[in-house]
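Heads up: the structure comes next, in structure tokens.
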Amino acid sequence: MALRGHPSIPAATRDRIVAVAGRIGYRRDEVFSALSNRRSRAVGSRYVPRMAYVANRSPEEGFFDRPHNRMLVEGARKQAETLGYQFELLFVDKGHHDSATLYRHLKNEGISGLIIGAFEPARRTFELNWSEFCVVKVDSRHMPPPVTFVSTDQVAGVRVAFQRMKALGYKRIGLAIGIEDEESTDDMHLSGFLLERSTSPTSASVPPLLFPRGANQTVAVPLLRKWISEYDVDSVICNWTNIRPMLGSAGYRCPEDIACACLCLRRRNRSVAGVVSNMGLVGERVAGLLATLMRTERRGIPELATATLVNGIWNDGATAPLRK
Amino acid sequence: MTAQPHRSANKSAANRKPPTMRDVAKAAGGVHPSTVSLALRNHPGISDATRKRVRAAARKLGYRPDPLLDAFNTHRLEVLPHKALPLIAFVADFDSRALLEKSPAHRAIWAGARQAAETLHCHIELFLLSKEQLTPERLHSILRARGIASLVIGACRPATNRLAFDWSDYSAVMIESSHLDVPLYAVCSDHRQAARLASQKLRNLGYERVGLAAASSADLARAGYLLEQSRMPGDGPKTVLDAQPSTSGSDVATWIREHRLDAVITDQPDLQAKLATAALRVPSDAAVALLGTDGGMPQTAGVVFDHARIGAQAVEQVVSLMRTNQRGLPATASCTYVPASWRDGASAPAKA
């Protein structure tokens, strides 16, 4: 009671006790305090530790229209709840949080664990006093701070797509990728492509095509057309989900003129070949890693941040048939 | 600002009393509440049948473990040593403990694993996997008999290419053993990042013609090297030599001369010694950066792998699997990559 500054303890006694505690190095056990505090306060209710998933695209701006967001959030929520954590989805975006309001909200609500969820480049970011929180990142790596990171394994994804295309008989295999996607994934696509290309003499002279920053379909299609014709590309590996219609707009029939594989398939299907990424599992893993940090009280920025990468699964489809 | 619906949700949740371990115990056919606690933590002392029954009852009642209580227990165990902690088997692919201790990397992995187990209040026990000690089959039956359901497979040798386990019995994580070809959760050094870091450091030190001499299995190191070389201004070399322990010094020296390299990144610890036999001087003829240099090689520049962190990470992951009762092979493989750091050394000084 003295250490908590209870009014019923005379000041002299309190000071004496505080001095003794200081001298012998007694410190209040924060975990125990939290526990007993909860016990005394809450009858029948239960304090549940919380983690928040923070995204930088609000629902008004189409957060839920992007399937990978839904899958990541659901995976993370499921794992958080299995482990007994309460899970909250927050946004830093216009009409939602900025750094200051987010910080206040996290503090007010007692949220100590944070998932920086699939941040998109060129949208709002935020800063906190990171040492107060356990922080992990999912799917997108570019935003500071450098913390534990989880995503699909795009090195492995590009490699399996390249190897599969090669096995199907394609000789001039190219990679088309948004430069922002490369930046936010630490160049994983390019690494996988350069590695596989180094083992394929017939594709050796096909350079990767990097769509410029902020490119939409109008910008990308002419670039795609020029690249395909200049380097005689017979199959395209791309992380954009609309690669097939883009090839159509560029004047190529798929698969008759050119084959394609999409690196971001959401589910197995027969029409589009590519890699099905397991975003649900990515979400589960990130919440699991955050729970471990919270359990062991590891807040702030680690000296060395690990990257956990989840493999995708190859899916044969009509856009990449066996070449005759 | 976002709406805060959880406040009212909390209130309504507060009106319903959440199920307790006692409720689960009753629903699981009248076991003792402590059995519930043990069963939910996959304690080896609880039979498989009871564990399943308790878990089913917990699921049905919506019983959830309490992370705060758990953090408290984790904390409390630091003061009160416990007799029957969950047991993790650390399986090392060595003929003897002395041999394991002789390998700096494995010694550090094992030390990191022990440290993490202690922090998380688990016992970890070393099992040696080898013909003389234990075959995988024999180990499997020992683990079963002792009720050990959590495994860390520590860096298997290339010769050990299969482990005859029924993985469905175990929560398992493996270290650096991609050649085993089982989709277990894995923890590895980040060889792609390591090769990138070495390329960047050599570039900053003034080297312009850098080659990679690495085992053909080191494909992520190749990926990192090729990526960095593609970023070099001008027409830098992108040359990779398939280097094995059996590759001779003169083969490497010929390759260095042929491509006019001024620096070599390698995963072969004895490359410098080999080059000396071929009259190629390090660093005056070519600098050397080793992927995986360590305290035993104070003169060698290169990247240092954090083996202790790898061991610790593997234990943390297996504990996480235990706690969520995830056993068997996951549908898709995943790997946690632990980054390496750079260390300067006489084999790669700043270029004059």
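Every chain in the structure tokens takes a letter, A first, then B, and so on in the order presented; its residues are numbered from 1, and the ligands are numbered from 1 following the presented order.
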Return as a tab-separated table (two decimals) with N, CA, C and O atoms, in the first residue's frame the residues belonging to chain A that are within 6 Å of chain B, counting only C-alpha atoms.
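In the end it all went to selection_31.tsv:
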chain	number	residue	atom	x	y	z
A	31	VAL	N	3.95	-7.72	-13.92
A	31	VAL	CA	2.99	-8.73	-14.37
A	31	VAL	C	2.06	-9.11	-13.23
A	31	VAL	O	0.85	-9.20	-13.38
A	44	GLY	N	-16.07	-11.52	-12.77
A	44	GLY	CA	-16.82	-12.11	-13.86
A	44	GLY	C	-16.37	-11.63	-15.22
A	44	GLY	O	-16.67	-12.22	-16.22
A	45	SER	N	-15.62	-10.55	-15.27
A	45	SER	CA	-15.12	-10.13	-16.57
A	45	SER	C	-13.66	-10.52	-16.64
A	45	SER	O	-13.07	-10.96	-15.69
A	84	GLY	N	-5.69	-16.53	-27.32
A	84	GLY	CA	-6.33	-15.81	-26.22
A	84	GLY	C	-6.17	-14.31	-26.27
A	84	GLY	O	-6.41	-13.63	-25.27
A	96	HIS	N	-9.13	8.60	-40.67
A	96	HIS	CA	-8.85	7.63	-39.61
A	96	HIS	C	-7.67	8.14	-38.79
A	96	HIS	O	-7.54	9.34	-38.59
A	97	HIS	N	-6.79	7.22	-38.38
A	97	HIS	CA	-5.72	7.65	-37.48
A	97	HIS	C	-4.55	8.30	-38.19
A	97	HIS	O	-4.25	7.98	-39.34
A	191	SER	N	15.45	-11.43	-57.24
A	191	SER	CA	16.43	-12.43	-56.81
A	191	SER	C	16.10	-13.80	-57.38
A	191	SER	O	16.97	-14.49	-57.91
A	195	LEU	N	18.32	-15.72	-60.39
A	195	LEU	CA	18.89	-17.03	-60.07
A	195	LEU	C	18.46	-18.07	-61.11
A	195	LEU	O	19.30	-18.78	-61.67
A	295	ARG	N	4.64	-12.31	-25.12
A	295	ARG	CA	4.78	-13.19	-23.98
A	295	ARG	C	6.14	-13.01	-23.32
A	295	ARG	O	6.27	-13.12	-22.10
A	306	THR	N	14.27	-10.82	-38.08
A	306	THR	CA	14.13	-12.02	-38.90
A	306	THR	C	13.02	-11.82	-39.94
A	306	THR	O	12.15	-10.97	-39.78
A	307	ALA	N	13.10	-12.62	-41.00
A	307	ALA	CA	12.04	-12.63	-42.01
A	307	ALA	C	11.50	-14.05	-42.09
A	307	ALA	O	12.26	-14.99	-42.30
A	308	THR	N	10.20	-14.22	-41.87
A	308	THR	CA	9.60	-15.54	-42.00
A	308	THR	C	8.82	-15.57	-43.31
A	308	THR	O	7.95	-14.73	-43.53
A	309	LEU	N	9.18	-16.52	-44.18
A	309	LEU	CA	8.58	-16.56	-45.51
A	309	LEU	C	7.80	-17.86	-45.68
A	309	LEU	O	8.29	-18.94	-45.37
A	310	VAL	N	6.57	-17.73	-46.16
A	310	VAL	CA	5.67	-18.87	-46.32
A	310	VAL	C	5.58	-19.22	-47.80
A	310	VAL	O	5.28	-18.35	-48.62
A	311	ASN	N	5.81	-20.48	-48.12
A	311	ASN	CA	5.79	-20.90	-49.53
A	311	ASN	C	4.40	-20.88	-50.12
A	311	ASN	O	3.42	-21.14	-49.43
Could you find all residues in stretch 92-314 of chain B that DSSP calls strand (DSSP E) from the backbone, and write them as an MDAnalysis selection string? chainID B and resid 92 123:128 150:154 171:175 185:189 210:214 240:242 263:266 287:291 301:304
Using only C-alpha atoms, which protein or nucleic acid residues come within 10 Å of B:Ile109? Drop anything in the same chain fewer than 3 positions from it, and give the result as number ranges by chain. B: 103-106, 112-115, 154-155, 175, 306-314
Would you list the contacts of stretch 273-289 of chain B as a ChimeraX atom specification, taking every protein, DNA or RNA residue within 10 Å and counting only C-alpha atoms, but skipping same-chain residues closer than 5 positions in sequence? /B:195,198-199,201-202,207,209-212,247-254,256-257,260-268,300-303,342-351
Do a neighbour search on A:Glu120 at 9 Å with only C-alpha atoms, toss out local chain neighbours closer than 3 positions, and write the hits as a PDB file with C-alpha atoms, in the first residue's frame.
ATOM      1  CA  ALA A  55      -3.324  -0.965 -42.291  1.00  0.00           C
ATOM      2  CA  ASN A  56      -2.776   2.176 -44.375  1.00  0.00           C
ATOM      3  CA  ARG A  57      -5.762   1.801 -46.690  1.00  0.00           C
ATOM      4  CA  ARG A 123       0.246   6.012 -48.701  1.00  0.00           C
ATOM      5  CA  ARG A 124       0.146   7.322 -45.148  1.00  0.00           C
ATOM      6  CA  SER A 140       5.313  -5.320 -46.948  1.00  0.00           C
ATOM      7  CA  HIS A 142       9.527  -0.941 -46.823  1.00  0.00           C
ATOM      8  CA  MET A 143       8.068   1.014 -43.909  1.00  0.00           C
ATOM      9  CA  GLU A 180       7.037  -0.619 -55.859  1.00  0.00           C
ATOM     10  CA  ASP A 181       6.335  -4.301 -55.264  1.00  0.00           C
ATOM     11  CA  SER A 184       8.276  -3.345 -50.521  1.00  0.00           C
TER      12      SER A 184
END
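If you measure from each of A:Val282, A:Ala204, A:Met246, A:Ile313 to A:Val221 using only C-alpha atoms, the closest one turns out to be A:Met246.
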